Amino acid sequence: MISINEVIETNKMISDMNLDVRTITMGISLLDCVGTDVDDTCTKIYNKITTYAKDLVSTGQEISRRYGIPIVNKRVSVTPIALVGGSVCKTTGDFVKIAKALDKAADTIGVNFIGGYSALVNKGMTPADELLIRSIPEALSSTGKVCSSINVGSTKTGIDMDAVKILGEMIKDTAELTKEADSIGCAKLVVFCNAPDDNPFMAGAFHGVTEGDCVINVGVSGPGVVKKALEKVRGENFEELCETIKKTAFKVTRVGQLVAKEASKMLGVPFGIVDLSLAPTPAVGDSVGEILEEIGLEYAGAPGTTAALALLNDQVKKGGVMASSYVGGLSGAFIPVSEDQRMIDAVSAGALTLEKLEAMTCVCSVGLDMIAIPGDTSPATISGIIADEMALGMINQKTTAVRLIPVIGKTVGDQAEFGGLLGYAPIMPVNRFACDKFVNRGGRIPAPIHSFKN
């Protein structure tokens with residue numbers, strides 16, 4: 001039973017502390033949509049998505065109206081398209097046709113994004129996988145709502161460096177094709193190690209092959225709520241700090257659990273997971289960077305930042321798992337640059353560098369996220385940065401990801417404007433020493449020895 005005090009407290013979190021449900025994401029399997037040819041497959045994909053998700057947006061709006069909880073995004077994720085199109089796509093253009101069918105379906109049902117233009121190549125690429133990867137620049141530049149993710153490594157299998165090399169080139173090509181909009185196409189592409197099957201957040205969401213036919217996943221977000229709670233224990237010891245974060249994460253996750261259950265019941269679709277990530281926005285008061293400052297840092301990036309972020313991430317998870325039996329996805333603290341005003345400020349002040357961000361990703365939920373870099377950065381350097389981040393995920397048995405945006409025509413000191421939840425970002429300097437010979441070796445970096453645990 002929910003008490004009146006809990007209702008009042010939740011209302012205050014929504015009205016004063018930027019609490020929201022960041023996304024309701026419907027995962028849909030497309031494994032039964034393989035047709036006789038690519039056109040037939042596109043038709044089946046469009047029909048299934050528009051049938052299953054036709055009421056997703058209106059359901060989110062109804063829940064928001066009924067409970068007064070803002071639900072920012074309604075999204076769809078689908079089976080990795082490299083698997084769906086494997087038998088019918090013979091060219092990159094064939095895969096682009098599927099991307100356009102996905103985009104058309106997303107427009108029809110009114111969702112914000114559709115994820116799953118993806119391939120799972122952590123041990124090697126099939127011809128279809130490589131075709132999809134090489135189609136990414138055209139697919140992302142010719143669609144508005146399609147998001148792409150490629151899983152190139154895992155703790156069990158190692159890192160597919162052939163895929164990493166190609167992706168460095170594809171990211172640069174995507175940047176070129178969308179340069180009129182500050183290379184925004186790259187904001188819709190994530191490279192993963194240890195990608196989860198049930199992540200509701202874009203751009204990395206896809207409907208994993210271990211999932212059922214259709215499922216509802218919810219992503220909650222409450223950096224502002226955590227920040228306000230920590231203001232009340234300013235100067236207290238770490239035990240008090242940790243208890244406060246755990247209790248707050250519990251309350252935030254309960255809101256997500258409520259929305260997930262209601263959406264599941266109204267849509268007649270099984271409930272999957274609640275992702276309890278602290279996902280910031282450019283709005284003042286909705287920042288992970290502000291939480292780190294409240295913990296005691298002048299700026300994110302100051303000495304102690306990695307320890308503070310590790311503490312925050314762990315306590316968020318400890319609090320969240322008590323609030324829902326099905327916590328999944330990424331779950332923890334996101335540290336995107338462009339989507340977090342205080343992270344932007346830290347970069348501008350010189351407190352936060354790419355190398356420090358890389359260190360922080362060892363203990364956060366994802367990785368190098370929404371980072372704008374000079375447009376003349378070479379594909380090999382981009383691949384090298386990806387390889388570094390994938391190695392952190394592989395060795396530490398965690399999810400890591402890279403979403404780099406080489407902004408064509410801009411350099412350090414300039415600013416990229418993305419708009420909306422994507423915000424803006426200062427162009428960050430990149431190490432200019434070459435890694436071409438390393439990237440060009442080809443093959444696979446083997447998994448660490450603990451991969452043989454069964």
# chains A, B, ... in the order shown; residues from 1 in each chain; ligands from 1
>>> closest_atom_pairs(of="stretch 324-401 of chain A", to="stretch 150-170 of chain A", cutoff="8 Å", atoms="only C-alpha atoms", output="tab-separated table")
residue	atom	partner	partner_atom	distance
A:Pro379	CA	A:Gly168	CA	4.5
A:Ala380	CA	A:Gly168	CA	6.2
A:Thr381	CA	A:Gly168	CA	7.6
A:Ile382	CA	A:Gly168	CA	5.1
A:Ser383	CA	A:Gly168	CA	4.6
A:Ile386	CA	A:Val164	CA	7.0
A:Ala387	CA	A:Val164	CA	6.9
A:Met390	CA	A:Gly153	CA	6.4
A:Ala391	CA	A:Ile159	CA	7.6
A:Gly393	CA	A:Thr155	CA	7.3
A:Met394	CA	A:Thr155	CA	4.3
A:Ile395	CA	A:Thr155	CA	6.4
A:Asn396	CA	A:Thr155	CA	7.9
A:Gln397	CA	A:Thr155	CA	5.7
>>> select_by_dssp(residues="stretch 158-245 of chain A", states="helix (DSSP H, G or I)", output="PyMOL selection string")
chain A and resi 161-177+179-181+184-188+223-231+238-245
>>> residues_around(residues="A:Cys33", least_positions_apart="2", cutoff="12 Å", atoms="only C-alpha atoms", output="ChimeraX atom specification")
/A:28-31,35-49,78-79,81,83-88,98,213
>>> write_last_selection(atoms="N, CA and C atoms", output="compact mmCIF listing (two decimals), in the first residue's frame")
# COMPACT_ATOMS: atom_id res chain seq x y z
N ILE A 28 10.57 -5.61 -29.67
CA ILE A 28 9.80 -6.46 -30.59
C ILE A 28 10.75 -7.37 -31.36
N SER A 29 10.48 -8.67 -31.32
CA SER A 29 11.26 -9.62 -32.12
C SER A 29 10.83 -9.56 -33.57
N LEU A 30 11.80 -9.48 -34.47
CA LEU A 30 11.52 -9.49 -35.91
C LEU A 30 12.01 -10.78 -36.57
N LEU A 31 12.32 -11.78 -35.76
CA LEU A 31 12.86 -13.02 -36.33
C LEU A 31 11.86 -13.73 -37.24
N GLY A 35 11.38 -12.39 -45.12
CA GLY A 35 10.53 -12.69 -46.26
C GLY A 35 11.27 -13.37 -47.39
N THR A 36 10.63 -13.39 -48.55
CA THR A 36 11.23 -14.02 -49.73
C THR A 36 12.32 -13.16 -50.35
N ASP A 37 12.22 -11.85 -50.14
CA ASP A 37 13.24 -10.93 -50.61
C ASP A 37 13.24 -9.71 -49.68
N VAL A 38 14.09 -8.73 -49.97
CA VAL A 38 14.22 -7.60 -49.05
C VAL A 38 12.94 -6.77 -48.98
N ASP A 39 12.24 -6.61 -50.10
CA ASP A 39 11.01 -5.82 -50.09
C ASP A 39 9.93 -6.50 -49.25
N ASP A 40 9.80 -7.81 -49.41
CA ASP A 40 8.84 -8.56 -48.61
C ASP A 40 9.18 -8.48 -47.13
N THR A 41 10.47 -8.55 -46.82
CA THR A 41 10.93 -8.44 -45.43
C THR A 41 10.59 -7.06 -44.86
N CYS A 42 10.82 -6.02 -45.63
CA CYS A 42 10.50 -4.66 -45.18
C CYS A 42 9.01 -4.52 -44.88
N THR A 43 8.18 -5.09 -45.72
CA THR A 43 6.73 -5.03 -45.52
C THR A 43 6.33 -5.73 -44.22
N LYS A 44 6.91 -6.91 -43.99
CA LYS A 44 6.59 -7.66 -42.77
C LYS A 44 7.07 -6.92 -41.52
N ILE A 45 8.26 -6.31 -41.61
CA ILE A 45 8.79 -5.54 -40.49
C ILE A 45 7.87 -4.36 -40.17
N TYR A 46 7.50 -3.62 -41.20
CA TYR A 46 6.62 -2.46 -41.00
C TYR A 46 5.29 -2.89 -40.39
N ASN A 47 4.72 -3.95 -40.91
CA ASN A 47 3.42 -4.39 -40.42
C ASN A 47 3.47 -4.86 -38.97
N LYS A 48 4.52 -5.59 -38.61
CA LYS A 48 4.59 -6.09 -37.23
C LYS A 48 4.78 -4.95 -36.24
N ILE A 49 5.69 -4.03 -36.54
CA ILE A 49 5.94 -2.92 -35.62
C ILE A 49 4.71 -2.04 -35.46
N VAL A 78 14.25 -3.36 -31.70
CA VAL A 78 13.96 -4.56 -32.48
C VAL A 78 15.17 -5.48 -32.51
N THR A 79 14.93 -6.71 -32.96
CA THR A 79 16.00 -7.70 -33.14
C THR A 79 17.11 -7.11 -34.00
N ILE A 81 19.22 -6.09 -36.77
CA ILE A 81 18.80 -6.19 -38.17
C ILE A 81 19.76 -7.03 -39.00
N LEU A 83 20.74 -9.88 -38.27
CA LEU A 83 20.18 -11.22 -38.20
C LEU A 83 18.92 -11.33 -39.05
N VAL A 84 18.09 -10.31 -39.00
CA VAL A 84 16.82 -10.33 -39.73
C VAL A 84 17.06 -10.27 -41.24
N GLY A 85 18.02 -9.43 -41.65
CA GLY A 85 18.26 -9.25 -43.08
C GLY A 85 19.33 -10.15 -43.66
N GLY A 86 19.87 -11.03 -42.86
CA GLY A 86 21.01 -11.83 -43.29
C GLY A 86 20.80 -12.63 -44.55
N SER A 87 19.61 -13.19 -44.73
CA SER A 87 19.38 -14.07 -45.89
C SER A 87 18.85 -13.33 -47.12
N VAL A 88 18.39 -12.08 -46.95
CA VAL A 88 17.78 -11.37 -48.09
C VAL A 88 18.56 -10.14 -48.53
N ILE A 98 15.83 -1.57 -45.33
CA ILE A 98 15.24 -1.97 -44.05
C ILE A 98 15.27 -0.80 -43.07
N ASP A 213 8.87 -12.57 -27.63
CA ASP A 213 8.36 -11.94 -28.84
C ASP A 213 8.17 -10.44 -28.66
>>> residues_around(residues="A:Gly423", least_positions_apart="6", cutoff="12 Å", atoms="only C-alpha atoms", output="VMD selection string")
chain A and resid 182 184 187 280 to 284 336 to 344 370 to 372 415 to 417
>>> atom_distance(atom1="atom CA of A:Pro426", atom2="atom CA of A:Asp414")
6.1 Å
>>> closest_atom_pairs(of="stretch 277-347 of chain A", to="stretch 191-205 of chain A", cutoff="9 Å", atoms="only C-alpha atoms", output="tab-separated table")
residue	atom	partner	partner_atom	distance
A:Gly328	CA	A:Asp198	CA	6.8
A:Gly329	CA	A:Asn199	CA	4.0
A:Leu330	CA	A:Asn199	CA	6.2
A:Ser331	CA	A:Asn199	CA	8.9
>>> decode(residues="stretch 94-124 of chain A", atoms="N, CA, C and O atoms", output="PDB file, in the first residue's frame")
ATOM      1  N   ASP A  94      20.455  -2.816 -49.743  1.00  0.00           N
ATOM      2  CA  ASP A  94      19.352  -3.634 -49.231  1.00  0.00           C
ATOM      3  C   ASP A  94      19.115  -3.356 -47.744  1.00  0.00           C
ATOM      4  O   ASP A  94      17.969  -3.255 -47.289  1.00  0.00           O
ATOM      5  N   PHE A  95      20.205  -3.255 -47.001  1.00  0.00           N
ATOM      6  CA  PHE A  95      20.057  -2.950 -45.570  1.00  0.00           C
ATOM      7  C   PHE A  95      19.486  -1.549 -45.362  1.00  0.00           C
ATOM      8  O   PHE A  95      18.683  -1.319 -44.447  1.00  0.00           O
ATOM      9  N   VAL A  96      19.877  -0.601 -46.203  1.00  0.00           N
ATOM     10  CA  VAL A  96      19.332   0.755 -46.093  1.00  0.00           C
ATOM     11  C   VAL A  96      17.821   0.738 -46.317  1.00  0.00           C
ATOM     12  O   VAL A  96      17.077   1.495 -45.672  1.00  0.00           O
ATOM     13  N   LYS A  97      17.345  -0.138 -47.198  1.00  0.00           N
ATOM     14  CA  LYS A  97      15.893  -0.279 -47.391  1.00  0.00           C
ATOM     15  C   LYS A  97      15.206  -0.660 -46.080  1.00  0.00           C
ATOM     16  O   LYS A  97      14.133  -0.140 -45.747  1.00  0.00           O
ATOM     17  N   ILE A  98      15.830  -1.570 -45.330  1.00  0.00           N
ATOM     18  CA  ILE A  98      15.244  -1.971 -44.052  1.00  0.00           C
ATOM     19  C   ILE A  98      15.274  -0.804 -43.069  1.00  0.00           C
ATOM     20  O   ILE A  98      14.308  -0.571 -42.324  1.00  0.00           O
ATOM     21  N   ALA A  99      16.380  -0.049 -43.068  1.00  0.00           N
ATOM     22  CA  ALA A  99      16.461   1.126 -42.195  1.00  0.00           C
ATOM     23  C   ALA A  99      15.319   2.094 -42.484  1.00  0.00           C
ATOM     24  O   ALA A  99      14.694   2.651 -41.562  1.00  0.00           O
ATOM     25  N   LYS A 100      15.028   2.284 -43.748  1.00  0.00           N
ATOM     26  CA  LYS A 100      13.943   3.208 -44.116  1.00  0.00           C
ATOM     27  C   LYS A 100      12.573   2.645 -43.733  1.00  0.00           C
ATOM     28  O   LYS A 100      11.665   3.409 -43.368  1.00  0.00           O
ATOM     29  N   ALA A 101      12.430   1.328 -43.781  1.00  0.00           N
ATOM     30  CA  ALA A 101      11.174   0.711 -43.329  1.00  0.00           C
ATOM     31  C   ALA A 101      11.002   0.907 -41.819  1.00  0.00           C
ATOM     32  O   ALA A 101       9.889   1.176 -41.339  1.00  0.00           O
ATOM     33  N   LEU A 102      12.084   0.766 -41.075  1.00  0.00           N
ATOM     34  CA  LEU A 102      12.044   1.024 -39.635  1.00  0.00           C
ATOM     35  C   LEU A 102      11.657   2.472 -39.358  1.00  0.00           C
ATOM     36  O   LEU A 102      10.836   2.760 -38.471  1.00  0.00           O
ATOM     37  N   ASP A 103      12.259   3.392 -40.099  1.00  0.00           N
ATOM     38  CA  ASP A 103      11.990   4.819 -39.908  1.00  0.00           C
ATOM     39  C   ASP A 103      10.524   5.136 -40.217  1.00  0.00           C
ATOM     40  O   ASP A 103       9.870   5.900 -39.490  1.00  0.00           O
ATOM     41  N   LYS A 104      10.017   4.535 -41.274  1.00  0.00           N
ATOM     42  CA  LYS A 104       8.613   4.752 -41.643  1.00  0.00           C
ATOM     43  C   LYS A 104       7.689   4.223 -40.548  1.00  0.00           C
ATOM     44  O   LYS A 104       6.680   4.869 -40.186  1.00  0.00           O
ATOM     45  N   ALA A 105       8.012   3.061 -39.998  1.00  0.00           N
ATOM     46  CA  ALA A 105       7.194   2.483 -38.919  1.00  0.00           C
ATOM     47  C   ALA A 105       7.234   3.383 -37.682  1.00  0.00           C
ATOM     48  O   ALA A 105       6.209   3.610 -37.034  1.00  0.00           O
ATOM     49  N   ALA A 106       8.423   3.911 -37.355  1.00  0.00           N
ATOM     50  CA  ALA A 106       8.559   4.804 -36.202  1.00  0.00           C
ATOM     51  C   ALA A 106       7.711   6.060 -36.381  1.00  0.00           C
ATOM     52  O   ALA A 106       7.063   6.537 -35.438  1.00  0.00           O
ATOM     53  N   ASP A 107       7.703   6.600 -37.588  1.00  0.00           N
ATOM     54  CA  ASP A 107       6.868   7.782 -37.878  1.00  0.00           C
ATOM     55  C   ASP A 107       5.381   7.460 -37.743  1.00  0.00           C
ATOM     56  O   ASP A 107       4.610   8.249 -37.195  1.00  0.00           O
ATOM     57  N   THR A 108       5.000   6.294 -38.226  1.00  0.00           N
ATOM     58  CA  THR A 108       3.585   5.914 -38.200  1.00  0.00           C
ATOM     59  C   THR A 108       3.052   5.793 -36.778  1.00  0.00           C
ATOM     60  O   THR A 108       1.950   6.260 -36.472  1.00  0.00           O
ATOM     61  N   ILE A 109       3.826   5.177 -35.894  1.00  0.00           N
ATOM     62  CA  ILE A 109       3.352   4.974 -34.514  1.00  0.00           C
ATOM     63  C   ILE A 109       3.699   6.144 -33.605  1.00  0.00           C
ATOM     64  O   ILE A 109       3.226   6.216 -32.470  1.00  0.00           O
ATOM     65  N   GLY A 110       4.546   7.068 -34.083  1.00  0.00           N
ATOM     66  CA  GLY A 110       4.812   8.291 -33.348  1.00  0.00           C
ATOM     67  C   GLY A 110       5.862   8.222 -32.260  1.00  0.00           C
ATOM     68  O   GLY A 110       5.915   9.101 -31.390  1.00  0.00           O
ATOM     69  N   VAL A 111       6.716   7.187 -32.289  1.00  0.00           N
ATOM     70  CA  VAL A 111       7.756   7.091 -31.260  1.00  0.00           C
ATOM     71  C   VAL A 111       8.900   8.049 -31.565  1.00  0.00           C
ATOM     72  O   VAL A 111       9.059   8.537 -32.687  1.00  0.00           O
ATOM     73  N   ASN A 112       9.742   8.288 -30.531  1.00  0.00           N
ATOM     74  CA  ASN A 112      10.866   9.205 -30.689  1.00  0.00           C
ATOM     75  C   ASN A 112      12.018   8.581 -31.469  1.00  0.00           C
ATOM     76  O   ASN A 112      12.621   9.218 -32.335  1.00  0.00           O
ATOM     77  N   PHE A 113      12.341   7.335 -31.122  1.00  0.00           N
ATOM     78  CA  PHE A 113      13.441   6.626 -31.777  1.00  0.00           C
ATOM     79  C   PHE A 113      13.089   5.152 -31.915  1.00  0.00           C
ATOM     80  O   PHE A 113      12.271   4.615 -31.168  1.00  0.00           O
ATOM     81  N   ILE A 114      13.772   4.497 -32.861  1.00  0.00           N
ATOM     82  CA  ILE A 114      13.678   3.049 -32.987  1.00  0.00           C
ATOM     83  C   ILE A 114      15.091   2.492 -33.060  1.00  0.00           C
ATOM     84  O   ILE A 114      15.902   2.914 -33.889  1.00  0.00           O
ATOM     85  N   GLY A 115      15.428   1.594 -32.165  1.00  0.00           N
ATOM     86  CA  GLY A 115      16.775   1.042 -32.082  1.00  0.00           C
ATOM     87  C   GLY A 115      16.822  -0.400 -32.539  1.00  0.00           C
ATOM     88  O   GLY A 115      15.817  -1.115 -32.502  1.00  0.00           O
ATOM     89  N   GLY A 116      17.984  -0.829 -32.958  1.00  0.00           N
ATOM     90  CA  GLY A 116      18.151  -2.211 -33.387  1.00  0.00           C
ATOM     91  C   GLY A 116      18.756  -2.362 -34.767  1.00  0.00           C
ATOM     92  O   GLY A 116      18.868  -3.474 -35.276  1.00  0.00           O
ATOM     93  N   TYR A 117      19.155  -1.228 -35.385  1.00  0.00           N
ATOM     94  CA  TYR A 117      19.901  -1.342 -36.634  1.00  0.00           C
ATOM     95  C   TYR A 117      21.319  -1.758 -36.226  1.00  0.00           C
ATOM     96  O   TYR A 117      22.245  -0.952 -36.174  1.00  0.00           O
ATOM     97  N   SER A 118      21.431  -3.034 -35.895  1.00  0.00           N
ATOM     98  CA  SER A 118      22.553  -3.509 -35.093  1.00  0.00           C
ATOM     99  C   SER A 118      23.138  -4.812 -35.620  1.00  0.00           C
ATOM    100  O   SER A 118      22.513  -5.522 -36.413  1.00  0.00           O
ATOM    101  N   ALA A 119      24.341  -5.103 -35.131  1.00  0.00           N
ATOM    102  CA  ALA A 119      25.004  -6.375 -35.408  1.00  0.00           C
ATOM    103  C   ALA A 119      25.790  -6.781 -34.170  1.00  0.00           C
ATOM    104  O   ALA A 119      26.339  -5.929 -33.466  1.00  0.00           O
ATOM    105  N   LEU A 120      25.844  -8.086 -33.925  1.00  0.00           N
ATOM    106  CA  LEU A 120      26.590  -8.630 -32.788  1.00  0.00           C
ATOM    107  C   LEU A 120      27.808  -9.353 -33.349  1.00  0.00           C
ATOM    108  O   LEU A 120      27.704 -10.467 -33.863  1.00  0.00           O
ATOM    109  N   VAL A 121      28.972  -8.696 -33.270  1.00  0.00           N
ATOM    110  CA  VAL A 121      30.157  -9.219 -33.965  1.00  0.00           C
ATOM    111  C   VAL A 121      31.339  -9.342 -33.003  1.00  0.00           C
ATOM    112  O   VAL A 121      32.488  -9.144 -33.383  1.00  0.00           O
ATOM    113  N   ASN A 122      31.065  -9.698 -31.760  1.00  0.00           N
ATOM    114  CA  ASN A 122      32.140  -9.731 -30.769  1.00  0.00           C
ATOM    115  C   ASN A 122      33.176 -10.814 -31.018  1.00  0.00           C
ATOM    116  O   ASN A 122      34.271 -10.756 -30.467  1.00  0.00           O
ATOM    117  N   LYS A 123      32.865 -11.795 -31.864  1.00  0.00           N
ATOM    118  CA  LYS A 123      33.874 -12.816 -32.178  1.00  0.00           C
ATOM    119  C   LYS A 123      34.224 -12.855 -33.660  1.00  0.00           C
ATOM    120  O   LYS A 123      35.259 -13.384 -34.054  1.00  0.00           O
ATOM    121  N   GLY A 124      33.377 -12.292 -34.494  1.00  0.00           N
ATOM    122  CA  GLY A 124      33.633 -12.273 -35.922  1.00  0.00           C
ATOM    123  C   GLY A 124      32.419 -11.770 -36.670  1.00  0.00           C
ATOM    124  O   GLY A 124      31.325 -11.692 -36.122  1.00  0.00           O
TER     125      GLY A 124
END
